[in-house]
>>> print(open('final12.tsv').read())   # TSV, C-alpha atoms
chain	number	residue	atom	x	y	z
G	1	MET	CA	85.58	102.88	118.64
G	2	THR	CA	85.89	106.36	117.16
G	3	LEU	CA	87.63	107.08	113.88
G	4	GLU	CA	90.51	108.70	115.75
G	5	GLU	CA	90.93	105.63	117.95
G	6	LYS	CA	90.95	103.37	114.91
G	7	GLN	CA	93.55	105.55	113.23
G	8	ALA	CA	95.74	105.60	116.32
G	9	LEU	CA	95.58	101.82	116.76
G	10	ALA	CA	96.09	101.24	113.03
G	11	GLY	CA	99.21	103.40	113.12
G	12	GLU	CA	100.67	101.52	116.07
G	13	TYR	CA	99.70	98.21	114.51
G	14	VAL	CA	101.44	98.97	111.22
G	15	LEU	CA	104.51	100.26	113.08
G	16	GLY	CA	104.64	96.98	114.98
G	17	LEU	CA	103.98	98.56	118.36
G	18	LEU	CA	100.88	96.57	119.28
G	19	GLU	CA	101.78	93.41	121.10
G	20	GLY	CA	100.11	90.44	122.71
G	21	ALA	CA	96.44	90.81	123.57
G	22	ASP	CA	96.28	94.34	122.13
G	23	ARG	CA	97.42	93.09	118.77
G	24	ILE	CA	95.10	90.11	118.75
G	25	ALA	CA	92.18	92.36	119.68
G	26	PHE	CA	92.99	94.84	116.95
G	27	GLU	CA	93.38	92.08	114.35
G	28	GLU	CA	89.88	91.00	115.32
G	29	THR	CA	88.73	94.60	114.79
G	30	ILE	CA	90.33	94.64	111.34
G	31	ARG	CA	88.37	91.53	110.38
G	32	SER	CA	85.04	92.81	111.59
G	33	ASP	CA	85.34	96.54	110.86
G	34	ALA	CA	85.74	97.53	107.23
G	35	GLU	CA	86.72	101.09	108.11
G	36	ALA	CA	89.56	99.95	110.37
G	37	ALA	CA	90.68	97.45	107.72
G	38	GLU	CA	90.76	100.20	105.12
G	39	ILE	CA	92.83	102.51	107.34
G	40	VAL	CA	95.36	99.73	107.92
G	41	ALA	CA	95.48	98.75	104.24
G	42	VAL	CA	96.13	102.32	103.15
G	43	LEU	CA	98.90	102.85	105.67
G	44	VAL	CA	100.55	99.49	104.92
G	45	ALA	CA	100.54	100.32	101.22
G	46	ARG	CA	102.11	103.73	101.80
G	47	MET	CA	104.73	102.50	104.24
G	48	GLN	CA	105.81	99.83	101.76
G	49	ALA	CA	107.98	102.45	100.08
G	50	LEU	CA	110.29	102.09	103.08
G	51	ASP	CA	110.40	98.29	102.65
G	52	ASP	CA	111.52	98.84	99.09
G	53	THR	CA	114.63	100.71	100.22
G	54	ALA	CA	116.04	97.46	101.63
G	55	PRO	CA	118.42	95.59	99.33
G	56	PRO	CA	117.10	92.16	98.31
G	57	LEU	CA	118.63	89.16	100.08
G	58	ALA	CA	118.95	85.76	98.48
G	59	PRO	CA	117.32	83.00	100.54
G	60	SER	CA	119.74	80.54	102.07
G	61	ALA	CA	120.29	77.22	100.31
G	62	GLY	CA	117.67	74.67	101.26
G	63	LEU	CA	115.19	77.19	102.65
G	64	TRP	CA	112.40	75.96	100.38
G	65	ASP	CA	113.13	72.36	101.25
G	66	ARG	CA	112.90	73.10	104.96
G	67	ILE	CA	109.69	75.06	104.51
G	68	ALA	CA	108.18	72.36	102.33
G	69	ALA	CA	109.10	69.66	104.81
G	70	ARG	CA	107.27	71.50	107.58
G	71	LEU	CA	104.15	72.22	105.55
G	72	ASP	CA	103.16	68.58	105.44
G	73	ASP	CA	102.80	68.58	109.22
G	74	THR	CA	101.11	71.95	109.48
G	75	PRO	CA	97.32	72.18	109.59
G	76	GLN	CA	95.68	75.21	108.06
G	77	LEU	CA	93.49	77.56	110.01
G	78	ALA	CA	89.88	78.19	109.17
G	79	THR	CA	88.81	80.29	106.27
G	80	ILE	CA	87.24	83.55	107.20
G	81	ALA	CA	86.67	85.35	103.97
G	82	PRO	CA	84.66	83.96	101.09
G	83	VAL	CA	86.72	84.29	97.93
G	84	HIS	CA	85.84	83.20	94.43
G	85	ARG	CA	87.02	79.74	93.71
G	86	PRO	CA	89.71	79.81	91.04
G	87	VAL	CA	89.03	77.84	87.89
G	88	ALA	CA	90.76	74.53	88.29
G	89	ARG	CA	92.69	73.30	85.32
G	90	PRO	CA	92.07	69.70	84.35
G	91	ARG	CA	94.52	67.11	85.67
G	92	LYS	CA	95.72	69.53	88.30
G	93	PRO	CA	95.63	68.12	91.82
G	94	VAL	CA	94.18	71.10	93.60
G	95	LEU	CA	95.73	70.38	96.98
G	96	GLY	CA	99.17	69.97	95.55
G	97	GLN	CA	100.29	73.56	95.43
G	98	TRP	CA	102.30	73.53	98.61
G	99	MET	CA	105.54	74.61	97.02
G	100	ALA	CA	104.29	77.70	95.31
G	101	ILE	CA	103.22	79.79	98.24
G	102	ALA	CA	101.49	82.45	96.22
G	103	ALA	CA	99.45	79.83	94.43
G	104	SER	CA	98.52	78.05	97.62
G	105	VAL	CA	97.27	81.27	99.10
G	106	VAL	CA	94.73	81.63	96.33
G	107	VAL	CA	93.85	77.98	95.98
G	108	ALA	CA	93.49	77.32	99.70
G	109	ALA	CA	91.38	80.43	100.12
G	110	GLY	CA	89.19	79.22	97.30
G	111	LEU	CA	88.65	75.82	98.79
G	112	GLY	CA	87.16	77.09	102.01
G	113	PHE	CA	88.76	74.81	104.53
G	114	ALA	CA	86.40	73.74	107.29
G	115	ALA	CA	86.78	75.24	110.71
G	116	GLY	CA	88.94	73.28	113.07
G	117	GLY	CA	91.85	72.78	110.76
G	118	HIS	CA	92.47	70.69	107.74
G	119	VAL	CA	95.52	68.60	107.09
G	120	PRO	CA	96.46	68.91	103.45
G	121	GLN	CA	97.38	65.73	101.66
G	122	ARG	CA	100.62	65.57	99.78
G	123	ALA	CA	99.67	65.50	96.12
G	124	ALA	CA	100.47	62.71	93.76
G	125	PRO	CA	102.95	63.47	90.98
G	126	VAL	CA	101.51	64.38	87.59
G	127	VAL	CA	104.05	62.27	85.73
G	128	ILE	CA	106.79	59.82	86.64
G	129	ALA	CA	109.86	59.14	84.54
G	130	VAL	CA	112.31	56.28	84.99
G	131	LEU	CA	115.69	57.54	83.85
G	132	LEU	CA	117.87	54.89	82.28
G	133	ASN	CA	121.60	54.68	82.45
G	134	ALA	CA	123.13	55.75	79.15
G	135	ASP	CA	125.67	52.89	79.20
G	136	ASP	CA	123.64	49.78	79.85
G	137	ALA	CA	120.00	51.01	79.95
G	138	SER	CA	119.69	50.00	83.60
G	139	PRO	CA	117.33	52.18	85.69
G	140	GLY	CA	119.41	54.96	87.26
G	141	ALA	CA	116.85	57.25	88.86
G	142	ILE	CA	113.15	58.03	89.10
G	143	VAL	CA	111.79	61.53	88.60
G	144	GLU	CA	108.38	62.44	89.97
G	145	ALA	CA	107.14	65.74	88.57
G	146	PHE	CA	104.43	67.61	90.44
G	147	ALA	CA	101.87	70.18	89.37
G	148	ASP	CA	103.61	72.84	91.48
G	149	ASN	CA	106.72	72.64	89.27
G	150	SER	CA	108.68	70.70	91.86
G	151	VAL	CA	110.34	67.42	91.04
G	152	ARG	CA	111.46	64.62	93.31
G	153	ILE	CA	114.59	62.75	92.32
G	154	VAL	CA	114.95	59.20	93.63
G	155	PRO	CA	118.32	57.71	92.68
G	156	LEU	CA	118.28	53.97	92.07
G	157	GLU	CA	122.02	53.58	91.79
G	158	ASP	CA	124.96	55.57	93.02
G	159	ILE	CA	126.31	58.09	90.56
G	160	GLU	CA	129.92	59.08	90.96
G	161	VAL	CA	130.34	62.86	90.96
G	162	PRO	CA	133.97	64.03	90.49
G	163	ASP	CA	135.27	67.06	92.41
G	164	GLY	CA	134.17	70.34	90.88
G	165	LYS	CA	131.23	68.68	89.15
G	166	ILE	CA	127.54	68.60	89.94
G	167	LEU	CA	124.47	66.68	88.79
G	168	GLN	CA	121.96	68.82	86.93
G	169	VAL	CA	118.40	67.75	86.21
G	170	TRP	CA	116.77	68.84	82.96
G	171	THR	CA	113.48	68.49	81.20
G	172	LEU	CA	112.35	69.25	77.69
G	173	PRO	CA	108.88	70.85	77.91
G	174	ASP	CA	108.85	71.29	74.13
G	175	PRO	CA	111.50	71.36	71.40
G	176	GLU	CA	111.21	75.11	70.83
G	177	THR	CA	111.97	75.94	74.45
G	178	GLY	CA	114.79	73.42	74.59
G	179	PRO	CA	116.09	71.82	77.78
G	180	VAL	CA	115.20	73.64	80.99
G	181	SER	CA	117.16	73.16	84.22
G	182	LEU	CA	115.09	71.85	87.14
G	183	GLY	CA	117.95	72.19	89.60
G	184	THR	CA	121.23	70.67	90.69
G	185	LEU	CA	122.38	68.19	93.28
G	186	GLU	CA	125.85	67.51	94.58
G	187	SER	CA	125.40	63.78	94.91
G	188	ALA	CA	122.86	61.15	94.00
G	189	ARG	CA	120.31	61.37	96.80
G	190	ASP	CA	116.58	61.53	97.30
G	191	ILE	CA	115.77	65.20	96.94
G	192	ARG	CA	112.93	67.48	96.00
G	193	LEU	CA	113.80	70.42	93.75
G	194	ALA	CA	111.57	73.47	93.47
G	195	GLY	CA	111.90	73.74	89.69
G	196	PRO	CA	111.13	76.76	87.51
G	197	SER	CA	107.61	77.72	86.46
G	198	LEU	CA	106.67	75.48	83.55
G	199	PRO	CA	103.54	74.12	81.89
G	200	LEU	CA	102.19	70.94	83.45
G	201	PRO	CA	104.48	68.03	82.59
G	202	GLU	CA	103.08	65.83	79.82
G	203	ASP	CA	103.07	62.24	78.82
G	204	GLY	CA	106.32	61.49	77.02
G	205	GLN	CA	108.21	64.54	78.26
G	206	LEU	CA	111.98	64.02	78.40
G	207	TYR	CA	113.87	64.16	81.71
G	208	GLU	CA	117.61	63.74	82.01
G	209	ILE	CA	120.52	64.26	84.38
G	210	THR	CA	123.85	65.51	83.08
G	211	LEU	CA	127.23	66.02	84.67
G	212	GLU	CA	128.04	69.74	84.75
G	213	PRO	CA	130.77	71.92	86.19
G	214	SER	CA	129.79	73.14	89.68
G	215	PRO	CA	127.65	75.10	90.52
G	216	GLY	CA	125.73	74.35	87.32
G	217	SER	CA	125.91	74.53	83.55
G	218	PRO	CA	127.63	77.80	82.56
G	219	THR	CA	125.41	78.17	79.49
G	220	GLY	CA	122.06	77.35	81.06
G	221	LYS	CA	121.78	74.37	78.71
G	222	PRO	CA	123.26	70.88	79.12
G	223	THR	CA	126.98	70.87	78.31
G	224	GLY	CA	128.18	67.67	79.97
G	225	PRO	CA	127.56	63.99	79.29
G	226	ILE	CA	124.03	62.63	79.80
G	227	LEU	CA	124.18	60.18	82.70
G	228	VAL	CA	120.56	59.03	82.75
G	229	LYS	CA	117.50	59.93	80.76
G	230	GLY	CA	113.93	58.81	80.31
G	231	PHE	CA	110.45	59.77	79.22
G	232	ALA	CA	107.58	60.65	81.51
G	233	GLN	CA	104.45	58.58	81.94
G	234	PRO	CA	101.27	59.84	83.56
G	235	HIS	CA	100.79	58.85	87.19
G	236	LEU	CA	97.83	56.51	87.53
A	1	MET	CA	111.60	83.29	107.08
A	2	GLN	CA	110.56	79.72	107.60
A	3	ASP	CA	108.19	80.67	110.37
A	4	ALA	CA	106.67	83.40	108.25
A	5	PHE	CA	105.93	81.08	105.36
A	6	ILE	CA	104.53	78.42	107.65
A	7	ALA	CA	102.29	81.09	109.15
A	8	ALA	CA	101.23	82.19	105.67
A	9	TRP	CA	100.32	78.61	104.86
A	10	GLN	CA	98.33	78.23	108.06
A	11	ARG	CA	96.45	81.44	107.46
A	12	ALA	CA	95.97	81.14	103.72
A	13	GLY	CA	92.25	80.79	104.35
A	14	GLN	CA	92.20	84.20	106.00
A	15	PHE	CA	93.60	85.95	102.97
A	16	ASP	CA	90.92	88.16	101.53
A	17	ALA	CA	91.67	89.37	98.04
A	18	THR	CA	89.10	92.11	98.35
A	19	ARG	CA	91.10	93.68	101.16
A	20	GLY	CA	94.32	94.27	99.34
A	21	ALA	CA	97.23	92.76	97.59
A	22	ALA	CA	98.88	89.49	98.51
A	23	ARG	CA	102.13	91.36	98.96
A	24	ALA	CA	100.79	93.53	101.76
A	25	TRP	CA	99.29	90.47	103.41
A	26	LEU	CA	102.56	88.54	103.25
A	27	THR	CA	104.52	91.59	104.37
A	28	THR	CA	102.37	91.90	107.46
A	29	ILE	CA	102.91	88.26	108.37
A	30	VAL	CA	106.66	88.47	107.83
A	31	ARG	CA	106.88	91.67	109.86
A	32	ASN	CA	104.90	90.27	112.76
A	33	ARG	CA	106.95	87.09	112.82
A	34	SER	CA	110.18	89.03	112.65
A	35	LEU	CA	109.12	91.27	115.49
A	36	ASN	CA	108.22	88.23	117.58
A	37	VAL	CA	111.68	86.80	116.99
A	38	LEU	CA	113.37	90.12	117.70
A	39	ARG	CA	111.47	90.64	120.90
A	40	ASP	CA	111.23	87.16	122.38
A	41	GLY	CA	113.96	86.94	124.93
A	42	SER	CA	115.78	89.98	123.70
A	43	ARG	CA	113.52	92.54	125.28
A	44	LEU	CA	115.80	95.19	126.68
A	45	GLU	CA	115.52	95.15	130.44
A	46	PHE	CA	118.75	97.06	130.88
A	47	LEU	CA	121.29	98.49	128.51
A	48	ASP	CA	124.97	97.89	128.31
A	49	THR	CA	127.46	99.64	126.04
A	50	ASP	CA	127.28	97.06	123.27
A	51	MET	CA	123.52	97.25	123.17
A	52	LEU	CA	123.63	101.02	122.94
A	53	ALA	CA	126.13	100.82	120.09
A	54	ASP	CA	123.88	98.32	118.34
A	55	LEU	CA	120.88	100.58	118.78
A	56	GLY	CA	122.93	103.46	117.35
A	57	ASP	CA	123.59	101.38	114.23
A	58	ARG	CA	119.91	100.65	113.91
A	59	GLU	CA	119.14	104.34	114.05
A	60	ALA	CA	121.55	104.84	111.14
A	61	ASP	CA	119.70	102.11	109.20
A	62	ALA	CA	116.38	103.77	109.86
A	63	LEU	CA	117.55	107.18	108.74
A	64	ALA	CA	119.23	105.67	105.67
A	65	ALA	CA	115.92	104.10	104.64
A	66	PHE	CA	114.27	107.50	104.83
A	67	ASP	CA	117.04	109.07	102.74
A	68	LEU	CA	116.61	106.34	100.13
A	69	LEU	CA	112.92	107.10	99.58
A	70	ALA	CA	112.23	108.70	96.21
A	71	GLU	CA	111.88	112.46	96.46
A	72	ARG	CA	108.50	112.38	94.74
A	73	ASP	CA	107.16	109.70	97.11
A	74	SER	CA	104.49	111.28	99.27
A	75	LEU	CA	105.73	109.20	102.20
A	76	LYS	CA	109.02	111.07	102.00
A	77	THR	CA	107.25	114.41	101.82
A	78	CYS	CA	104.98	113.62	104.75
A	79	LEU	CA	107.71	112.12	106.93
A	80	GLY	CA	109.92	115.06	106.04
A	81	ARG	CA	107.33	117.46	107.37
A	82	LEU	CA	107.33	115.83	110.78
A	83	GLU	CA	109.38	117.25	113.58
A	84	ALA	CA	112.75	115.41	113.54
A	85	SER	CA	112.29	113.57	116.83
A	86	ARG	CA	108.86	112.27	115.79
A	87	ARG	CA	110.19	111.18	112.41
A	88	ARG	CA	113.13	109.38	113.97
A	89	ALA	CA	110.91	107.61	116.48
A	90	ILE	CA	108.52	106.40	113.77
A	91	LEU	CA	111.36	105.25	111.51
A	92	LEU	CA	113.00	103.36	114.37
A	93	CYS	CA	109.74	101.50	115.00
A	94	TYR	CA	108.92	100.71	111.41
A	95	VAL	CA	112.32	100.15	109.85
A	96	THR	CA	114.22	98.54	112.70
A	97	GLY	CA	111.33	97.09	114.68
A	98	LEU	CA	112.07	98.78	117.97
A	99	SER	CA	109.50	98.91	120.76
A	100	HIS	CA	108.50	102.10	122.57
A	101	GLY	CA	111.04	101.38	125.29
A	102	GLU	CA	113.85	100.69	122.88
A	103	VAL	CA	113.14	103.88	120.96
A	104	ALA	CA	113.27	105.77	124.26
A	105	ALA	CA	116.66	104.23	125.04
A	106	THR	CA	118.00	104.95	121.57
A	107	LEU	CA	116.88	108.55	121.53
A	108	ARG	CA	117.69	108.97	125.25
A	109	ALA	CA	114.25	110.41	125.90
A	110	PRO	CA	111.64	109.57	128.54
A	111	LEU	CA	109.24	106.77	127.59
A	112	GLY	CA	106.13	108.96	127.94
A	113	THR	CA	107.65	111.58	125.66
A	114	VAL	CA	108.50	108.97	123.04
A	115	LYS	CA	104.99	107.53	123.13
A	116	ALA	CA	103.59	111.01	122.59
A	117	TRP	CA	106.00	111.67	119.70
A	118	ILE	CA	104.92	108.48	118.00
A	119	ARG	CA	101.21	108.97	118.61
A	120	ARG	CA	101.15	112.56	117.37
A	121	GLY	CA	103.62	111.87	114.60
A	122	LEU	CA	101.44	109.00	113.35
A	123	ALA	CA	98.30	111.15	113.39
A	124	THR	CA	100.02	113.89	111.38
A	125	LEU	CA	101.49	111.33	108.99
A	126	GLN	CA	98.16	109.58	108.34
A	127	GLU	CA	96.47	112.92	107.73
A	128	CYS	CA	99.22	114.00	105.34
A	129	LEU	CA	99.11	110.68	103.44
A	130	SER	CA	95.35	110.61	102.99
>>> encode(input="final12.tsv", output="structure tokens")
Amino acid sequence: MTLEEKQALAGEYVLGLLEGADRIAFEETIRSDAEAAEIVAVLVARMQALDDTAPPLAPSAGLWDRIAARLDDTPQLATIAPVHRPVARPRKPVLGQWMAIAASVVVAAGLGFAAGGHVPQRAAPVVIAVLLNADDASPGAIVEAFADNSVRIVPLEDIEVPDGKILQVWTLPDPETGPVSLGTLESARDIRLAGPSLPLPEDGQLYEITLEPSPGSPTGKPTGPILVKGFAQPHL
Amino acid sequence: MQDAFIAAWQRAGQFDATRGAARAWLTTIVRNRSLNVLRDGSRLEFLDTDMLADLGDREADALAAFDLLAERDSLKTCLGRLEASRRRAILLCYVTGLSHGEVAATLRAPLGTVKAWIRRGLATLQECLS
């Protein structure tokens, strides 16, 4: 393939004009031909200025949950490119990064999945906290906190949520930071929340659920009564 | 969006950090998925009035994106130097995801002419950008 042919195909590829077998063939070329790959990369980078003119759109509610639910059933394709393995932090389940897509890109690339597909295992939580009812110290909910910042809430008893109110889940990574919201839920149900980017949860870390005005605490910190709270213990 | 992220997950092993930023890689996947969705089943075999009106709106989107580019962006300079019909054809493909045939319908030009506009326009653009 001449340089001109590569440039012409790269242009059509970046514009989205190559379809079907033509596209598959050219993607193969990109992988095997560094010059073609470079032409595509340059053009993609330049054309990105047009992408940036689009106004940002907020993802619909529950998008992450739906994506996450499908990932468990989705095998990964074979690795093609050797990439340096990232330094794994201790205690971090390496396969558990399925919520943070950017992270999983790097980690999965580093692991070098075998050809033929690899079904990732759902990771174990880093810590588990049993949240106790503030009134009678009965267990009200379980929180499983994962290395990817997500948390799973498993209610153990029904929590009444008045109209206009919402349940908000908090943790206290350290006293200086103060309570950080992990997300909200409209009723007590088994749910996985994406959670903000935080240090790995630690032994003894506080988790609690408060009652807040919908759609969430107006101050970003807990304002309502604490319904349940508890301290994390490492998952064995 | 879901499909794009699932595809990104499946292909994570193909991501090669030495070949460019994660953003470009993700953008390519999202674009390809979006184009598949746009084109599957909605390929224009014939055009009715509503479709033509819709394509007219898309042309406005494409031209608006060009107008929004920063003046000092070389992409704006290079696209601006192209003959108007070539520029419009390229913007319709990239910004609104039209195929050759759809661009031809939108610009009311023969398919062969549109393909030539895009091919020559792309060559000029790549030369100007490099």
>>> residues_near_point(input="final12.tsv", point="(107.0, 113.8, 106.8)", cutoff="12 Å", atoms="all atoms listed in the file", output="number ranges by chain")
G: 47; A: 66-67, 69, 71, 73-88, 90-91, 121-129
>>> closest_residue(input="final12.tsv", among="G:Ala123, G:Ala69, G:Leu185, G:Ala147", to="Glu202 (chain G)", atoms="all atoms listed in the file")
G:Ala147
>>> atom_distance(input="final12.tsv", atom1="CA of Asp203 (chain G)", atom2="CA of Trp64 (chain G)")
27.2 Å
>>> closest_residue(input="final12.tsv", among="G:Val154, G:Glu160, G:Pro125, G:Thr184", to="Pro201 (chain G)", atoms="only C-alpha atoms")
G:Pro125
>>> closest_residue(input="final12.tsv", among="A:Leu107, A:His100, A:Ala89, A:Glu59", to="chain G", atoms="all atoms listed in the file")
A:His100
>>> atom_distance(input="final12.tsv", atom1="CA of Arg189 (chain G)", atom2="CA of Pro173 (chain G)")
24.0 Å
>>> residues_around(input="final12.tsv", residues="Ala37 (chain G)", least_positions_apart="2", cutoff="12 Å", atoms="all atoms listed in the file", output="compact mmCIF listing (two decimals) with C-alpha atoms, in the frame of the given file")
# COMPACT_ATOMS: atom_id res chain seq x y z
CA LEU G 3 87.63 107.08 113.88
CA LYS G 6 90.95 103.37 114.91
CA GLN G 7 93.55 105.55 113.23
CA LEU G 9 95.58 101.82 116.76
CA ALA G 10 96.09 101.24 113.03
CA GLY G 11 99.21 103.40 113.12
CA TYR G 13 99.70 98.21 114.51
CA VAL G 14 101.44 98.97 111.22
CA PHE G 26 92.99 94.84 116.95
CA GLU G 27 93.38 92.08 114.35
CA GLU G 28 89.88 91.00 115.32
CA THR G 29 88.73 94.60 114.79
CA ILE G 30 90.33 94.64 111.34
CA ARG G 31 88.37 91.53 110.38
CA SER G 32 85.04 92.81 111.59
CA ASP G 33 85.34 96.54 110.86
CA ALA G 34 85.74 97.53 107.23
CA GLU G 35 86.72 101.09 108.11
CA ILE G 39 92.83 102.51 107.34
CA VAL G 40 95.36 99.73 107.92
CA ALA G 41 95.48 98.75 104.24
CA VAL G 42 96.13 102.32 103.15
CA LEU G 43 98.90 102.85 105.67
CA VAL G 44 100.55 99.49 104.92
CA ASP A 16 90.92 88.16 101.53
CA THR A 18 89.10 92.11 98.35
CA ARG A 19 91.10 93.68 101.16
CA GLY A 20 94.32 94.27 99.34
CA TRP A 25 99.29 90.47 103.41
>>> atom_distance(input="final12.tsv", atom1="CA of Ile142 (chain G)", atom2="CA of Gln168 (chain G)")
14.1 Å
>>> residues_around(input="final12.tsv", residues="Ala232 (chain G)", least_positions_apart="2", cutoff="7 Å", atoms="only C-alpha atoms", output="PyMOL selection string")
chain G and resi 127-129+203-206+230+234
